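What follows is a set of notes on a single structure, which appears directly below.
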Amino acid sequence: MAINNRIPAGELAQKWSTYKSTCKLVNPANKRSIDIIVVGTGLAGASAAASLAELGYNVKTFCFQDSARRAHSIAAQGGINAAKNYQNDGDSVFRLFYDTIKGGDYRAREANVHRLAEVSGNIIDQCVAQGVPFAREYGGLLSNRSFGGTQVQRTFYAAGQTGQQLLLGAYSAQMRQVSLGKIVEHNRHEMLDVVTIDGKARGIIARNLVTGEIERHGAHAVLLCTGGYGNVFFLSTNAMGSNVTAAWKAHKKGAMFGNPCFTQIHPTCIPVSGDHQSKLTLMSESLRNDGRIWVPKKQGDNRKATEIPEEERDYYLERRYPAFGNLVPRDVASRAAKERCDAGYGVGNSKMAVYLDYAAAFERYGKTEAIKTGKTNASKEEILKMGKAVVKEKYGNLFEMYAKITGEDPYEVPMRIYPAVHYTMGGLWVDYELMTNVPGLYALGEANFSDHGANRLGASALMQGLADGYFVIPYTIGNYLADEISTPKINTNQAAFEEAEKAVKDRINHFMNVKGTKSVDYFHKKLGLIMWNECGMARNEKGLKQAIADIRALREEFWKDVRVPGTMDSLNPELDKAGRVADFLELGELMCLDALTREESCGGHFREEHQTADGEALRHDDKFMYVSCWENKGNNEWELHKEDLVYDVIHPSQRNYK
Amino acid sequence: MEHSNINLNLKVWRQPNSNAAGKFETYKAENISTEMSFLEMFDVVNEKLINNGEDPIAFDHDCREGICGSCSMHINGRAHGPWDGTTTCQLHMRAFKDGETITVEPWRAAAFPVLKDLTVDRSAFDRIQQAGGYISVNTGNAQDGNSLPINKEMADASFDAAMCIGCGACVAACKNSSAMLFTSAKVSQYALLPQGEPERKTRVLNMVAQMDKEGFGACTNTGACEAECPKQISISNIARLNREYLNAQMSL
Ligand SMILES: Cc1cc2nc3c(=O)[nH]c(=O)nc-3n(C[C@H](O)[C@H](O)[C@H](O)COP(=O)(O)OP(=O)(O)OC[C@H]3O[C@@H](n4cnc5c(N)ncnc54)[C@H](O)[C@@H]3O)c2cc1C
Ligand code: SF4
Ligand code: FES
């Protein structure tokens with residue numbers, strides 16, 4: 001299969017503007033007779049659906065939650081990047097582009113990332129216009145904070161609920177189009193297949209999750225905005241329903257999967273507390289702005305954190321990376337935490353945790369407040385109290401969440417944190433136009449592989465999702481649909497729809513009829529453990545080979561012994577889960593295969609065989625400067641194609657955060 | 001954190017679908033770690049039901065972080081259970097005592113029909129939002145974000161209202177099943193911002209009209225909504241909605 005990424009010719013900084021002024025357009029009258037399906041209503045899906053409906057297309061949206069507003073994007077906490085340079089600290093489109101490429105350890109496309117940086121500012125403008133209540137300074141202007149992997153303040157935020165506010169903004173635009181009749185919603189629906197006719201995507205098969213009915217929906221183009229697949233690890237910071245099914249069905253219908261093994265393990269999450277654990281909770285990266293990470297200098301130190309004197313604490317990130325300190329990128333911070341815990345310096349009951357300490361920040365903010373309010377002879381307690389109030393305004397909801405989950409008060413004792421699966425950089429392979437290699441089938445947001453290379457920087461997923469939906473797809477889809485204006489409404493009585501529907505029904509019947517002995521969760525947890533142990537923060541050849549064998553065996557057992565209670569024609573969450581886990585059981589194998597063939601370390605992909613003398617990721621640019629594009633050959637066999645990454649502007653080097 | 005294991009009795013509402021009658025069933029939840037969340041306790045109960053060949057209890061949930069607004073259990077007579085300012089998914093078993101009986105019901109409101117067990121249909125909220133919960137600005141129309149300075153206090157107050165997660169606890173808590181707290185939070189978010197000004201009047205009139213059409217009850221200012229709202233949305237938003245509504249009506 002030849003790979004064409006359709007990156008426009010010309011100078012990097014001109015590519016997108018040239019593209020926009022030369023791509024094909026669809027005139028308003030024709031848009032009215034073109035149908036578009038948008039699966040997913042997170043930031044990518046809601047922004048795309050609203051923008052395309054505003055342009056005049058007929059849009060149908062799908063999501064499995066009861067309301068579009070509950071898509072997983074709602075949970076994003078810390079913020080969204082934009083190269084506005086409002087802080088006058090040297091930011092620019094180029095710097096955001098550069099930081100993102102470097103943060104991704106030189107495994108992303110220059111052209112895509114530059115476009116992302118170019119439109120980042122428009123996103124903020126659009127959201128403000130929609131009434132998104134971003135944090136502001138006393139002068140009434142927008143406030144910024146810093147995030148990992150950068151040295152400027154370019155992150156816009158709304159307390160610790162940035163994703164919620166951005167999503168509700170996009171959702172409001174979507175609801176407006178629903179009221180105007182340009183969007184028809186299908187909530188509590190799960191897409192279970194893509195329908196292709198003559199090689200082009202022409203619709204989907206979906207299940208109504210309340211009635212169990214299997215439905216056919218036709219359209220001139222299909223957009224998958226279905227989020228990431230971190231839940232293949234069972235435990236992750238993702239919402240319980242996040243899954244790979246939509247992307248996986250597309251993959252099985254011919255769409256290539258890009259860089260499946262590129263997974264982000266986030267350094268600051270609340271540690272696992274027991275076998276009952278159903279998910280892990282993120283403590284936003286923004287907390288690393290003000291918090292200091294440390295472990296005791298002594299191995300197996302059982303004293304309480306507050307009893308360990310300053311000189312017996314190892315602020316290991318500040319020690320190892322003086323230039324970036326606690327703000328190194330996520331992959332670096334996660335590995336450093338694992339290294340300390342594996343070496344016996346971990347804290348808490350499980351010893352698989354490190355401290356995130358706010359004591360210094362309370363004092364620093366308290367002193368500033370004392371000066372601001374003229375209380376020059378405030379006592380130490382008063383200063384701490386004022387400092388805590390400042391921290392509460394910035395991160396109050398996160399501190400509260402920590403207290404509810406752990407039963408400890410983070411204003412009094414340092415938080416315990418440990419890395420957890422958080423985001424997947426891999427996803428459906430797309431070209432510059434966000435189209436998969438199946439014509440008319442697009443992937444946006446976390447569901448595609450595009451802009452983050454081997455490691456995503458904080459506050460850039462929200463940026464990418466909204467860039468894709470608000471500012472990229474409205475142009476690029478026209479370039480395809482301009483040639484589809486004479487295609488009549490898609491008739492869903494065609495054989496392709498019938499076959500796809502039958503396959504979906506057969507599979508559901510199969511699940512119901514196994515009548516085995518073990519619950520879906522039993523298999524999901526087992527798969528998660530295999531993935532975490534062998535395809536998690538550190539990977540090696542032997543482990544990956546073992547994992548592939550184990551996953552195959554588990555998959556076989558699943559199909560023989562899973563128990564799905566209830567019926568297929570009613571609300572049945574266990575049946576929904578069964579379908580998702582069946583797909584995870586295939587994806588897991590591909591992730592291990594991808595990790596096995598990428599014999600280098602880069603970003604979040606750390607192969608133990610490939611590291612520098614001081615334990616940093618060792619890339620092999622001569623051999624692995626490519627995107628792995630996996631083609632599904634059926635029967636859990638794949639063929640690897642390579643899209644070479646060409647760096648015209650940036651010279652890849654060993655990342656250095658020291 | 002110190003933790004222990006406890007045993008509980010559950011009285012849970014079971015109802016196969018919207019048309020069928022429902023009833024309470026009792027279950028034992030054994031060996032529950034006090035570190036579990038309330039929903040993790042339900043996971044344990046469901047796992048056991050599945051292993052025994054019974055139908056597990058259906059309930060809505062997704063983020064399990066208190067932000068998506070999916071979870072919606074009425075626990076011991078209180079929306080989202082005993083902890084103030086906490087969603088069902090963030091409630092932890094530390095809140096209960098060994099041997100306790102816990103009664104769990106779905107939201108009860110005519111406008112929120114039960115779909116199955118503890119799962120209800122809250123699409124009425126989406127329709128209220130569709131009636132006017134937006135600012136009419138197409139993608140690409142925006143001016144520079146900092147060209148419109150907004151007083152920080154107003155922006156913060158708008159954000160406080162915008163924190164509503166659309167869970168519906170306010171409706172479940174209200175003896176009249178009124179949706180005023182939810183609707184007023186959306187109206188307030190926009191009423192407090194200059195961007196909301198052009199559509200200020202039509203917005204409040206249309207959203208209130210839709211709310212009435214959905215069959216939510218009238219607000220009699222008892223304040224149960226504010227007390228049980230997991231995001232502690234202030235009842236002062238209702239007063240603001242009423243002012244906005246009067247103003248809009250007078251100028252018609
Ligand atoms: C806890 C947390 C905090 C985060 N904080 C930040 C942050 O501060 N900054 C940042 O930049 N990023 C952050 N991220 C990452 C970011 O939130 C996500 O990457 C991003 O929101 C994904 O958006 P999306 O639109 O691609 O997908 P999602 O928001 O995941 O939406 C997926 C949609 O697809 C639908 N769907 C999926 N499968 C199907 C199917 N088969 N049929 C029908 N519908 C389907 C779902 O219903 C949903 O509507 C965070 C992530 C997490 C987990
Ligand atoms: S106002 Fe409170 S209780 Fe009502 S929907 Fe919003 S968050 Fe839930
Ligand atoms: S599950 Fe999302 S708020 Fe409870």
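In the structure tokens, chains take letters A, B, ... by order of appearance, with residues numbered from 1 within each chain and ligands from 1 in the order shown.
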
message: Counting only C-alpha atoms, a student should be able to say which residues of chain A come within 6 Å of chain B; what is the right answer, written as a list in words?
response: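 Output check: Ser51, Arg70, Asp125, Gln126, Val128, Ala129, Gln130, Pro133, Arg136, Tyr138, Gly140, Leu141, Ser172, Met175, Arg176, Ser179, Ala239, Met240, Gly241, Pro565 and Gly566 of chain A.
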
As an mmCIF file with N, CA, C and O atoms, in the first residue's frame, please: every residue in segment 146-182 of chain B that a backbone DSSP assignment puts in helix (DSSP H, G or I).
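Saved the output as result_11.cif:
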```cif
data_model
loop_
_atom_site.group_PDB
_atom_site.id
_atom_site.type_symbol
_atom_site.label_atom_id
_atom_site.label_comp_id
_atom_site.auth_asym_id
_atom_site.auth_seq_id
_atom_site.Cartn_x
_atom_site.Cartn_y
_atom_site.Cartn_z
ATOM 1 N N ASN B 146 -8.555 38.807 23.962
ATOM 2 C CA ASN B 146 -8.300 39.861 24.948
ATOM 3 C C ASN B 146 -8.850 41.224 24.530
ATOM 4 O O ASN B 146 -8.607 42.214 25.210
ATOM 5 N N SER B 147 -9.604 41.259 23.433
ATOM 6 C CA SER B 147 -10.157 42.556 23.036
ATOM 7 C C SER B 147 -11.396 42.897 23.859
ATOM 8 O O SER B 147 -11.947 43.975 23.750
ATOM 9 N N LYS B 152 -13.140 40.553 36.588
ATOM 10 C CA LYS B 152 -12.823 39.224 37.124
ATOM 11 C C LYS B 152 -13.941 38.660 37.991
ATOM 12 O O LYS B 152 -14.251 37.473 37.942
ATOM 13 N N GLU B 153 -14.548 39.526 38.795
ATOM 14 C CA GLU B 153 -15.619 39.031 39.666
ATOM 15 C C GLU B 153 -16.784 38.458 38.860
ATOM 16 O O GLU B 153 -17.344 37.419 39.197
ATOM 17 N N MET B 154 -17.110 39.162 37.781
ATOM 18 C CA MET B 154 -18.215 38.692 36.930
ATOM 19 C C MET B 154 -17.818 37.378 36.257
ATOM 20 O O MET B 154 -18.616 36.443 36.177
ATOM 21 N N ALA B 155 -16.583 37.329 35.769
ATOM 22 C CA ALA B 155 -16.124 36.116 35.094
ATOM 23 C C ALA B 155 -16.145 34.939 36.071
ATOM 24 O O ALA B 155 -16.574 33.836 35.725
ATOM 25 N N ASP B 156 -15.690 35.188 37.302
ATOM 26 C CA ASP B 156 -15.681 34.108 38.298
ATOM 27 C C ASP B 156 -17.103 33.668 38.643
ATOM 28 O O ASP B 156 -17.383 32.479 38.802
ATOM 29 N N ALA B 157 -18.011 34.636 38.768
ATOM 30 C CA ALA B 157 -19.396 34.286 39.099
ATOM 31 C C ALA B 157 -20.015 33.482 37.950
ATOM 32 O O ALA B 157 -20.762 32.521 38.168
ATOM 33 N N SER B 158 -19.676 33.870 36.740
ATOM 34 C CA SER B 158 -20.181 33.147 35.572
ATOM 35 C C SER B 158 -19.653 31.711 35.597
ATOM 36 O O SER B 158 -20.394 30.750 35.373
ATOM 37 N N PHE B 159 -18.362 31.579 35.915
ATOM 38 C CA PHE B 159 -17.764 30.247 36.002
ATOM 39 C C PHE B 159 -18.441 29.414 37.088
ATOM 40 O O PHE B 159 -18.735 28.228 36.879
ATOM 41 N N ASP B 160 -18.720 30.029 38.230
ATOM 42 C CA ASP B 160 -19.369 29.278 39.313
ATOM 43 C C ASP B 160 -20.694 28.682 38.846
ATOM 44 O O ASP B 160 -21.054 27.564 39.208
ATOM 45 N N ALA B 161 -21.421 29.430 38.032
ATOM 46 C CA ALA B 161 -22.692 28.917 37.510
ATOM 47 C C ALA B 161 -22.439 27.855 36.439
ATOM 48 O O ALA B 161 -23.152 26.859 36.348
ATOM 49 N N ALA B 162 -21.393 28.082 35.645
ATOM 50 C CA ALA B 162 -21.097 27.173 34.533
ATOM 51 C C ALA B 162 -20.583 25.818 35.006
ATOM 52 O O ALA B 162 -20.444 24.890 34.215
ATOM 53 N N ALA B 169 -29.659 16.177 39.937
ATOM 54 C CA ALA B 169 -29.913 15.973 41.370
ATOM 55 C C ALA B 169 -30.857 17.032 41.916
ATOM 56 O O ALA B 169 -31.660 16.767 42.812
ATOM 57 N N CYS B 170 -30.771 18.238 41.370
ATOM 58 C CA CYS B 170 -31.631 19.328 41.845
ATOM 59 C C CYS B 170 -33.101 18.964 41.632
ATOM 60 O O CYS B 170 -33.946 19.219 42.481
ATOM 61 N N VAL B 171 -33.378 18.344 40.490
ATOM 62 C CA VAL B 171 -34.745 17.937 40.189
ATOM 63 C C VAL B 171 -35.167 16.819 41.138
ATOM 64 O O VAL B 171 -36.271 16.832 41.695
ATOM 65 N N ALA B 172 -34.257 15.866 41.332
ATOM 66 C CA ALA B 172 -34.577 14.731 42.199
ATOM 67 C C ALA B 172 -34.776 15.164 43.642
ATOM 68 O O ALA B 172 -35.568 14.573 44.376
ATOM 69 N N ALA B 173 -34.059 16.208 44.043
ATOM 70 C CA ALA B 173 -34.154 16.659 45.436
ATOM 71 C C ALA B 173 -35.425 17.456 45.692
ATOM 72 O O ALA B 173 -35.893 17.553 46.818
ATOM 73 N N MET B 180 -35.376 24.401 38.085
ATOM 74 C CA MET B 180 -34.962 25.809 38.127
ATOM 75 C C MET B 180 -33.473 25.985 38.397
ATOM 76 O O MET B 180 -32.845 26.872 37.844
ATOM 77 N N LEU B 181 -32.896 25.151 39.259
ATOM 78 C CA LEU B 181 -31.474 25.376 39.572
ATOM 79 C C LEU B 181 -30.633 25.125 38.321
ATOM 80 O O LEU B 181 -29.755 25.925 37.971
ATOM 81 N N PHE B 182 -30.915 24.042 37.641
ATOM 82 C CA PHE B 182 -30.188 23.729 36.408
ATOM 83 C C PHE B 182 -30.347 24.851 35.381
ATOM 84 O O PHE B 182 -29.371 25.377 34.841
#
```

| task | Excluding segment 54-58 of chain A and any residue of its chain fewer than 2 positions from it, enumerate the residues within 9 Å of it, using only C-alpha atoms, and give them as a PyMOL selection string. | result | (chain A and resi 28-37+49-52+60+177+181-184+474) or (chain B and resi 138-139)

Leaving out Asn513 of chain A and any residue of its chain fewer than 6 positions from it, which residues lie within 10 Å of it when counting only C-alpha atoms, given as a PDB file with N, CA and C atoms, in the first residue's frame?
```pdb
ATOM      1  N   ARG A 507     -22.512 -11.154  15.623  1.00  0.00           N
ATOM      2  CA  ARG A 507     -21.546 -11.033  16.710  1.00  0.00           C
ATOM      3  C   ARG A 507     -22.271 -10.882  18.048  1.00  0.00           C
ATOM      4  N   LYS A 560     -14.695 -18.270  24.447  1.00  0.00           N
ATOM      5  CA  LYS A 560     -15.283 -19.543  24.876  1.00  0.00           C
ATOM      6  C   LYS A 560     -16.048 -19.427  26.179  1.00  0.00           C
ATOM      7  N   VAL A 562     -16.905 -16.272  28.132  1.00  0.00           N
ATOM      8  CA  VAL A 562     -17.442 -15.030  28.694  1.00  0.00           C
ATOM      9  C   VAL A 562     -18.930 -15.215  28.995  1.00  0.00           C
ATOM     10  N   ARG A 563     -19.373 -14.526  30.037  1.00  0.00           N
ATOM     11  CA  ARG A 563     -20.793 -14.603  30.370  1.00  0.00           C
ATOM     12  C   ARG A 563     -21.416 -13.217  30.223  1.00  0.00           C
ATOM     13  N   VAL A 564     -22.349 -13.091  29.290  1.00  0.00           N
ATOM     14  CA  VAL A 564     -23.064 -11.825  29.113  1.00  0.00           C
ATOM     15  C   VAL A 564     -24.508 -12.044  29.551  1.00  0.00           C
ATOM     16  N   PRO A 565     -24.877 -11.463  30.685  1.00  0.00           N
ATOM     17  CA  PRO A 565     -26.244 -11.668  31.173  1.00  0.00           C
ATOM     18  C   PRO A 565     -27.237 -10.802  30.400  1.00  0.00           C
TER      19      PRO A 565
END
```

Practice item. Name all residues at most 12 Å from Asn349 of chain A (count only C-alpha atoms; drop same-chain ones fewer than 5 positions away) and give them as a ChimeraX atom specification. Key: /A:271-274,300-304,354,416 /B:1-3

What are the DSSP strand (DSSP E or B) residues of segment 2-239 of chain B, as a ChimeraX atom specification? /B:5-14,23-33,37,74-75,78-79,92,101-105,114-116,119-120

Exercise answer, 6 Å around ligand 1 with only C-alpha atoms and all ligand atoms, as a PDB file with N, CA and C atoms, in the first residue's frame:
```
ATOM      1  N   VAL A  39     -19.322  10.654  14.570  1.00  0.00           N
ATOM      2  CA  VAL A  39     -19.406   9.741  15.691  1.00  0.00           C
ATOM      3  C   VAL A  39     -18.529  10.306  16.806  1.00  0.00           C
ATOM      4  N   GLY A  40     -19.137  10.604  17.949  1.00  0.00           N
ATOM      5  CA  GLY A  40     -18.394  11.178  19.059  1.00  0.00           C
ATOM      6  C   GLY A  40     -18.742  12.642  19.223  1.00  0.00           C
ATOM      7  N   THR A  41     -18.952  13.045  20.468  1.00  0.00           N
ATOM      8  CA  THR A  41     -19.344  14.426  20.746  1.00  0.00           C
ATOM      9  C   THR A  41     -18.427  15.058  21.773  1.00  0.00           C
ATOM     10  N   GLY A  42     -17.180  14.591  21.824  1.00  0.00           N
ATOM     11  CA  GLY A  42     -16.194  15.247  22.677  1.00  0.00           C
ATOM     12  C   GLY A  42     -15.772  16.538  22.005  1.00  0.00           C
ATOM     13  N   LEU A  43     -14.627  17.069  22.428  1.00  0.00           N
ATOM     14  CA  LEU A  43     -14.205  18.350  21.848  1.00  0.00           C
ATOM     15  C   LEU A  43     -14.110  18.259  20.342  1.00  0.00           C
ATOM     16  N   ALA A  44     -13.523  17.184  19.832  1.00  0.00           N
ATOM     17  CA  ALA A  44     -13.344  17.063  18.391  1.00  0.00           C
ATOM     18  C   ALA A  44     -14.702  16.933  17.700  1.00  0.00           C
ATOM     19  N   GLY A  45     -15.535  16.030  18.186  1.00  0.00           N
ATOM     20  CA  GLY A  45     -16.810  15.767  17.526  1.00  0.00           C
ATOM     21  C   GLY A  45     -17.790  16.927  17.634  1.00  0.00           C
ATOM     22  N   PHE A  62     -23.495  11.020  16.992  1.00  0.00           N
ATOM     23  CA  PHE A  62     -23.674   9.788  17.769  1.00  0.00           C
ATOM     24  C   PHE A  62     -22.796   9.835  19.012  1.00  0.00           C
ATOM     25  N   CYS A  63     -23.320   9.383  20.138  1.00  0.00           N
ATOM     26  CA  CYS A  63     -22.461   9.158  21.297  1.00  0.00           C
ATOM     27  C   CYS A  63     -23.117   8.087  22.162  1.00  0.00           C
ATOM     28  N   PHE A  64     -22.299   7.419  22.982  1.00  0.00           N
ATOM     29  CA  PHE A  64     -22.883   6.331  23.774  1.00  0.00           C
ATOM     30  C   PHE A  64     -23.420   6.813  25.110  1.00  0.00           C
ATOM     31  N   GLN A  65     -23.017   8.023  25.537  1.00  0.00           N
ATOM     32  CA  GLN A  65     -23.562   8.545  26.792  1.00  0.00           C
ATOM     33  C   GLN A  65     -24.998   9.022  26.571  1.00  0.00           C
ATOM     34  N   ALA A  68     -24.733  14.400  24.828  1.00  0.00           N
ATOM     35  CA  ALA A  68     -23.485  14.761  24.162  1.00  0.00           C
ATOM     36  C   ALA A  68     -22.525  15.445  25.135  1.00  0.00           C
ATOM     37  N   ALA A  71     -19.362  13.546  27.053  1.00  0.00           N
ATOM     38  CA  ALA A  71     -18.189  12.933  26.414  1.00  0.00           C
ATOM     39  C   ALA A  71     -16.980  13.119  27.325  1.00  0.00           C
ATOM     40  N   HIS A  72     -16.043  12.219  27.185  1.00  0.00           N
ATOM     41  CA  HIS A  72     -14.919  12.178  28.107  1.00  0.00           C
ATOM     42  C   HIS A  72     -14.104  13.475  28.178  1.00  0.00           C
ATOM     43  N   SER A  73     -14.134  14.290  27.130  1.00  0.00           N
ATOM     44  CA  SER A  73     -13.406  15.577  27.166  1.00  0.00           C
ATOM     45  C   SER A  73     -13.815  16.406  28.381  1.00  0.00           C
ATOM     46  N   ALA A  75     -13.782  15.758  31.268  1.00  0.00           N
ATOM     47  CA  ALA A  75     -12.946  15.521  32.451  1.00  0.00           C
ATOM     48  C   ALA A  75     -11.587  16.203  32.397  1.00  0.00           C
ATOM     49  N   ALA A  76     -11.233  16.801  31.266  1.00  0.00           N
ATOM     50  CA  ALA A  76      -9.908  17.420  31.176  1.00  0.00           C
ATOM     51  C   ALA A  76      -9.804  18.535  32.200  1.00  0.00           C
ATOM     52  N   GLN A  77      -8.669  18.606  32.827  1.00  0.00           N
ATOM     53  CA  GLN A  77      -8.564  19.483  33.984  1.00  0.00           C
ATOM     54  C   GLN A  77      -7.774  20.759  33.730  1.00  0.00           C
ATOM     55  N   GLY A  78      -6.515  20.562  33.328  1.00  0.00           N
ATOM     56  CA  GLY A  78      -5.533  21.625  33.505  1.00  0.00           C
ATOM     57  C   GLY A  78      -5.599  22.794  32.563  1.00  0.00           C
ATOM     58  N   GLY A  79      -5.766  22.570  31.264  1.00  0.00           N
ATOM     59  CA  GLY A  79      -5.753  23.733  30.398  1.00  0.00           C
ATOM     60  C   GLY A  79      -5.534  23.425  28.944  1.00  0.00           C
ATOM     61  N   ILE A  80      -5.483  24.494  28.169  1.00  0.00           N
ATOM     62  CA  ILE A  80      -5.323  24.399  26.717  1.00  0.00           C
ATOM     63  C   ILE A  80      -4.272  25.407  26.260  1.00  0.00           C
ATOM     64  N   HIS A 189     -26.260   5.672  21.683  1.00  0.00           N
ATOM     65  CA  HIS A 189     -26.082   4.854  20.483  1.00  0.00           C
ATOM     66  C   HIS A 189     -24.613   4.476  20.394  1.00  0.00           C
ATOM     67  N   GLU A 190     -24.329   3.259  19.984  1.00  0.00           N
ATOM     68  CA  GLU A 190     -22.936   2.858  19.803  1.00  0.00           C
ATOM     69  C   GLU A 190     -22.707   2.436  18.359  1.00  0.00           C
ATOM     70  N   MET A 191     -21.716   3.067  17.732  1.00  0.00           N
ATOM     71  CA  MET A 191     -21.376   2.688  16.372  1.00  0.00           C
ATOM     72  C   MET A 191     -20.687   1.332  16.399  1.00  0.00           C
ATOM     73  N   LEU A 192     -21.167   0.386  15.590  1.00  0.00           N
ATOM     74  CA  LEU A 192     -20.572  -0.945  15.626  1.00  0.00           C
ATOM     75  C   LEU A 192     -19.965  -1.364  14.294  1.00  0.00           C
ATOM     76  N   CYS A 225     -14.735  10.623  15.831  1.00  0.00           N
ATOM     77  CA  CYS A 225     -14.165  11.524  16.839  1.00  0.00           C
ATOM     78  C   CYS A 225     -14.374  10.825  18.165  1.00  0.00           C
ATOM     79  N   THR A 226     -13.867   9.602  18.244  1.00  0.00           N
ATOM     80  CA  THR A 226     -14.298   8.680  19.285  1.00  0.00           C
ATOM     81  C   THR A 226     -13.307   8.514  20.424  1.00  0.00           C
ATOM     82  N   GLY A 227     -12.302   9.387  20.495  1.00  0.00           N
ATOM     83  CA  GLY A 227     -11.426   9.405  21.659  1.00  0.00           C
ATOM     84  C   GLY A 227     -10.353   8.340  21.633  1.00  0.00           C
ATOM     85  N   THR A 237      -6.835   6.832  33.491  1.00  0.00           N
ATOM     86  CA  THR A 237      -7.562   8.029  33.920  1.00  0.00           C
ATOM     87  C   THR A 237      -8.767   8.286  33.026  1.00  0.00           C
ATOM     88  N   ASN A 238      -8.956   7.467  31.997  1.00  0.00           N
ATOM     89  CA  ASN A 238     -10.086   7.667  31.089  1.00  0.00           C
ATOM     90  C   ASN A 238     -11.403   7.306  31.757  1.00  0.00           C
ATOM     91  N   ASN A 243     -13.338   3.732  24.752  1.00  0.00           N
ATOM     92  CA  ASN A 243     -13.052   2.438  24.129  1.00  0.00           C
ATOM     93  C   ASN A 243     -12.478   2.638  22.739  1.00  0.00           C
ATOM     94  N   THR A 245     -13.594   0.733  20.057  1.00  0.00           N
ATOM     95  CA  THR A 245     -14.451   0.019  19.103  1.00  0.00           C
ATOM     96  C   THR A 245     -14.631   0.733  17.755  1.00  0.00           C
ATOM     97  N   ALA A 246     -14.959   1.999  17.786  1.00  0.00           N
ATOM     98  CA  ALA A 246     -15.216   2.690  16.516  1.00  0.00           C
ATOM     99  C   ALA A 246     -13.958   2.663  15.643  1.00  0.00           C
ATOM    100  N   LEU A 282      -6.612  11.377  37.812  1.00  0.00           N
ATOM    101  CA  LEU A 282      -5.509  12.272  37.502  1.00  0.00           C
ATOM    102  C   LEU A 282      -5.481  13.431  38.481  1.00  0.00           C
ATOM    103  N   HIS A 422      -2.913   7.405  30.557  1.00  0.00           N
ATOM    104  CA  HIS A 422      -3.699   8.629  30.484  1.00  0.00           C
ATOM    105  C   HIS A 422      -4.185   8.964  29.087  1.00  0.00           C
ATOM    106  N   GLY A 445      -9.314  14.363  16.646  1.00  0.00           N
ATOM    107  CA  GLY A 445      -9.106  14.328  18.092  1.00  0.00           C
ATOM    108  C   GLY A 445      -8.201  13.174  18.490  1.00  0.00           C
ATOM    109  N   GLU A 446      -8.410  12.666  19.686  1.00  0.00           N
ATOM    110  CA  GLU A 446      -7.523  11.624  20.206  1.00  0.00           C
ATOM    111  C   GLU A 446      -7.610  10.352  19.368  1.00  0.00           C
ATOM    112  N   ALA A 447      -8.695  10.187  18.617  1.00  0.00           N
ATOM    113  CA  ALA A 447      -8.870   8.970  17.824  1.00  0.00           C
ATOM    114  C   ALA A 447      -7.858   8.868  16.679  1.00  0.00           C
ATOM    115  N   GLY A 458       1.437  18.455  27.917  1.00  0.00           N
ATOM    116  CA  GLY A 458       0.195  18.817  28.591  1.00  0.00           C
ATOM    117  C   GLY A 458      -0.512  19.947  27.860  1.00  0.00           C
ATOM    118  N   ALA A 459      -1.826  19.985  27.981  1.00  0.00           N
ATOM    119  CA  ALA A 459      -2.649  21.069  27.440  1.00  0.00           C
ATOM    120  C   ALA A 459      -2.661  21.126  25.917  1.00  0.00           C
ATOM    121  N   SER A 460      -2.218  20.047  25.275  1.00  0.00           N
ATOM    122  CA  SER A 460      -2.206  20.075  23.822  1.00  0.00           C
ATOM    123  C   SER A 460      -3.252  19.158  23.195  1.00  0.00           C
ATOM    124  N   ALA A 461      -3.892  18.287  23.988  1.00  0.00           N
ATOM    125  CA  ALA A 461      -4.935  17.423  23.421  1.00  0.00           C
ATOM    126  C   ALA A 461      -6.196  18.244  23.189  1.00  0.00           C
ATOM    127  N   LEU A 462      -6.509  19.114  24.137  1.00  0.00           N
ATOM    128  CA  LEU A 462      -7.690  19.961  23.975  1.00  0.00           C
ATOM    129  C   LEU A 462      -7.482  20.846  22.756  1.00  0.00           C
ATOM    130  N   MET A 463      -6.260  21.368  22.653  1.00  0.00           N
ATOM    131  CA  MET A 463      -5.924  22.221  21.509  1.00  0.00           C
ATOM    132  C   MET A 463      -6.104  21.443  20.204  1.00  0.00           C
ATOM    133  N   GLY A 465      -7.883  18.674  19.577  1.00  0.00           N
ATOM    134  CA  GLY A 465      -9.274  18.283  19.319  1.00  0.00           C
ATOM    135  C   GLY A 465     -10.063  19.447  18.728  1.00  0.00           C
TER     136      GLY A 465
END
```

Quick one: everything within 12 Å of Val347 of chain A, counting only C-alpha atoms, minus sequence neighbours fewer than 2 positions away in the same chain. Send it as a PyMOL selection string.
chain A and resi 271+293-305+308+313+337-338+340-345+349-356+414-418
